[in-house]
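Structure record follows, encoded as structure tokens.
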Amino acid sequence: MLVKKFLTILFVISLFSSFPIFAQKKDKDSLQIQYFSPTNPFYLENSDTSLSNLIFYQPISSFTNFAFNSGNIGQAFAPLFWNYSRSQENVFHAFDSYFLKSDSVKYYYTSRPYTEFVYTQGLTNEHLPSVFHTQRFNSQMGVTLNYKVISSEGTYSNQATRGHNFYTAIDFHSKKGRYISLLDFVYNSLNSEENGGLSADDYEDFISGDNSNRLLYEANLSSAANIMRHKGVAWKNYWFCFGKTDSIEVRNYRLGLFNELNITSSSSLFKMESSTDVLSFNSIFIDSTQTRDSLWLNRLETSAGLTIGNWNRSFYIPQIKVGYKQQWNNVSEMNSGFFAAELNKAKDSVSLKANFQIGVFGRRTGDMNAQVNLGKNFRRSNFIGIHLSYGNEKPSFFDNYFITNHHLWNNDFKNIEQYSASGKIIVSPLSVTLEGGYQRIANMIFFDINADIKQSSQSQNLAFLALLHTFKNKWLRSRTFARYQLSSETIRIPQLLARQEIAFLINHKAIHAEAGLLGTYVSNFFANAYDPSIRDYYLQNKNNVGGLILVDFFAALRVGSAKLYFKVDHFNAGFRGNNYELIPFHPLTDLTIKLGIKWTFWN
């Protein structure tokens, strides 16, 4: 009954607030700087730093991407949206949400130097400082620096986490705009203790509701840690000809050449120093004579190609792009070459983007990926879009040769074949986005109830329908999200996800403040269990989790160029008992309080 009342209230608020008479499009507290990404260095985007877009430190729990912590920052997490991909080195991606990578680096273009300091203090001995700086030396060259620290003792036993993230990026545009060069360096380190979840005896007390000594429960692993490192250098170059320009903002070139070079080194170690009463997890490694105590990957990747496009007054549109990419790895069987082609076409209100990639050399010979995106604007910025994709890829090298101290397999899996189709409609006057889709996978690879790797003999299917509504006026902001999804038995995700944010705003002269609630609902489901030794999840049919509502409270205040914020995660902890979890054996954290400051400077 409580869940139904909660969802009914959210629906009424969302319906009432959707009327255009209540909407206000302009944000009075808006300070924007421009940037471009390395995947599209020809188009400047706006970065909104207003108070209403202040991001609290939840790297794996955003408004539209549901993924929940296993109990502590730094541990692996299970996404509640299904996005299957087992054709790459999956083990290295368990902690991607806490890492900076070259493809996420942004190159900023500001008229003045811009600096930002952020510090968050969690009352569970959690410290999260970061510093960001960007400036242009002149109209041709700019630099960006970003450094973040993670330091947390965790809520429960054996959850301490330490981490560093750093990147620096330099961009150069020649005086006449004929040459663009982008260079970045990234470094990440993460040491996170792994408690393995509650021990079997304490878990029985947990699910029965006996939570008198919740913080003193015995952990599955008494002394274990994830130790991960990642560093890389990327250098991208673009040359243009058959055209001229007066500035880097106005160009009319037709033909371009590009070259990219990426060098990365990653290492991953699961280390355990003492045994427990349960299975002892030791190291993760691949079948190699060079090492038996860690998983590592050194990669050199280079690509080159040709672009044909045209300039308008603000950015370059590469209509046709063809290229070749080659990878070299310390694991020789993973050497591969790809041929890629891309087509972009935009005319009036219609846009078409198509990508095609095929493996032509090495282990990934015959791999194929194709995507088509078609979009059309209509009637005052409304939008309708269609996405189609097809993939036929070999399993990852690690799926065939993955080894731990108690998992060993050597398989010859069939290719994984994926089909997907989805559509999106954006109704701007109502600020509503409706999205739906279908996905089918043949020969899906998964871990069964014994945490042994298997390949499904039957196709797996997923269908979903999602609604996102955003509303804002002078005194109120509302964001509503709901997603209903149906899947095959092997795909373990909740059928219903819903999230509602309500914030009250004050924007009067020098006062800019907001306070509100964020509610999340996840329906019951048999979530996959987590196995630290494989850094992945396996099927289980005993523990039904979910069926809960999480409520967060937040408040923020702008004072000059500083923004102060306060947040209470899981504000309703204990209201209906304490046995809440989204991953078996890993209780969700209790009520936690965070304080922070975000200070920006235009030098």
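Please note that chains go A, B, ... in the order of the structure tokens, that every chain numbers its residues from 1, and that ligands are numbered from 1 in the order shown.
Using only C-alpha atoms, the contacts of Ser111 (chain A) at a cut-off of 10 Å, with sequence neighbours closer than 5 positions omitted, comprise Ile33, Gln34, Gln135, Arg136, Asn138, Ser139 and Trp602 of chain A.
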Based on the selection just made, write C-alpha atoms of those residues as a CSV table (one decimal), in the first residue's frame.
```csv
chain,number,residue,atom,x,y,z
A,33,ILE,CA,31.9,27.2,-20.3
A,34,GLN,CA,32.5,25.5,-23.6
A,135,GLN,CA,42.9,28.0,-19.5
A,136,ARG,CA,43.9,29.1,-22.9
A,138,ASN,CA,46.2,32.0,-26.7
A,139,SER,CA,43.5,31.4,-29.3
A,602,TRP,CA,37.4,33.1,-13.1
```
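Non-sequential neighbours of region 551-554 of chain A (distance at most 7 Å, separation of 2 or more positions within a chain, only C-alpha atoms) are Ala515, Gly516, Leu517, Leu518, Gly519, Thr520, Ile549, Ala556, Phe566, Lys567, Val568, Asp569, His570, Phe571 and Asn572 of chain A.
Shortest atom-to-atom contact with Leu257 (chain A) among A:Cys241, A:Met272, A:Ala225, A:Ile449: A:Cys241, counting only C-alpha atoms.
Considering only C-alpha atoms, the residue among A:Arg483, A:Ser87, A:Leu128, A:Gly362 positioned nearest to Asn392 (chain A) is A:Ser87.
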* d(CA of Gly560 (chain A), CA of Val118 (chain A)) in Å -> 15.1 Å
* What is the CA of Tyr35 (chain A)-CA of Leu352 (chain A) distance in Å, reported with one decimal? -> 23.7 Å
Near region 409-422 of chain A, 12 Å: region 433-549 of chain A residue rows, closest pairs, only C-alpha atoms, as a Markdown table:
```
| residue | atom | partner | partner_atom | distance |
| --- | --- | --- | --- | --- |
| A:Leu434 | CA | A:Ser422 | CA | 10.8 |
| A:Glu435 | CA | A:Ser422 | CA | 7.3 |
| A:Gly436 | CA | A:Ser422 | CA | 5.6 |
| A:Gly437 | CA | A:Ser422 | CA | 3.8 |
| A:Tyr438 | CA | A:Ala421 | CA | 5.4 |
| A:Gln439 | CA | A:Ser420 | CA | 4.2 |
| A:Arg440 | CA | A:Tyr419 | CA | 5.2 |
| A:Ile441 | CA | A:Gln418 | CA | 4.5 |
| A:Ala442 | CA | A:Glu417 | CA | 5.1 |
| A:Asn443 | CA | A:Ile416 | CA | 5.2 |
| A:Met444 | CA | A:Ile416 | CA | 6.2 |
| A:Ile445 | CA | A:Ile416 | CA | 8.0 |
| A:Phe446 | CA | A:Phe413 | CA | 11.6 |
| A:Ala451 | CA | A:Trp409 | CA | 11.7 |
| A:Asp452 | CA | A:Trp409 | CA | 8.5 |
| A:Ile453 | CA | A:Trp409 | CA | 8.0 |
| A:Lys454 | CA | A:Phe413 | CA | 8.9 |
| A:Gln455 | CA | A:Phe413 | CA | 7.2 |
| A:Ser456 | CA | A:Ile416 | CA | 10.1 |
| A:Ser457 | CA | A:Lys414 | CA | 10.3 |
| A:Gln458 | CA | A:Glu417 | CA | 11.8 |
| A:Ser459 | CA | A:Glu417 | CA | 9.4 |
| A:Gln460 | CA | A:Gln418 | CA | 9.6 |
| A:Asn461 | CA | A:Tyr419 | CA | 9.6 |
| A:Leu462 | CA | A:Ser420 | CA | 9.2 |
| A:Ala463 | CA | A:Ser422 | CA | 9.3 |
| A:Phe464 | CA | A:Ser422 | CA | 9.1 |
| A:Leu465 | CA | A:Ser422 | CA | 9.6 |
| A:Ala466 | CA | A:Ser422 | CA | 11.0 |
```
* **Length of the CA of Pro129 (chain A) to CA of Val186 (chain A) vector [Å]** => 17.7 Å
* Asked: Using only C-alpha atoms, which residue out of A:Trp475, A:Leu198, A:Leu215, A:Arg379 lies closest to Pro429 (chain A)?
  -> A:Arg379
* **Nearby residues (only C-alpha atoms) at most 6 Å from Gly256 (chain A), same-chain spacing under 5 positions excluded, as an MDAnalysis selection string** => chainID A and resid 239:240 306:307
* Do you know which residues are at most 8 Å from Gly596 (chain A) counting only C-alpha atoms, after dropping those on the same chain fewer than 4 positions away, and could you put them as a PyMOL selection string? -> chain A and resi 118-121+564-566
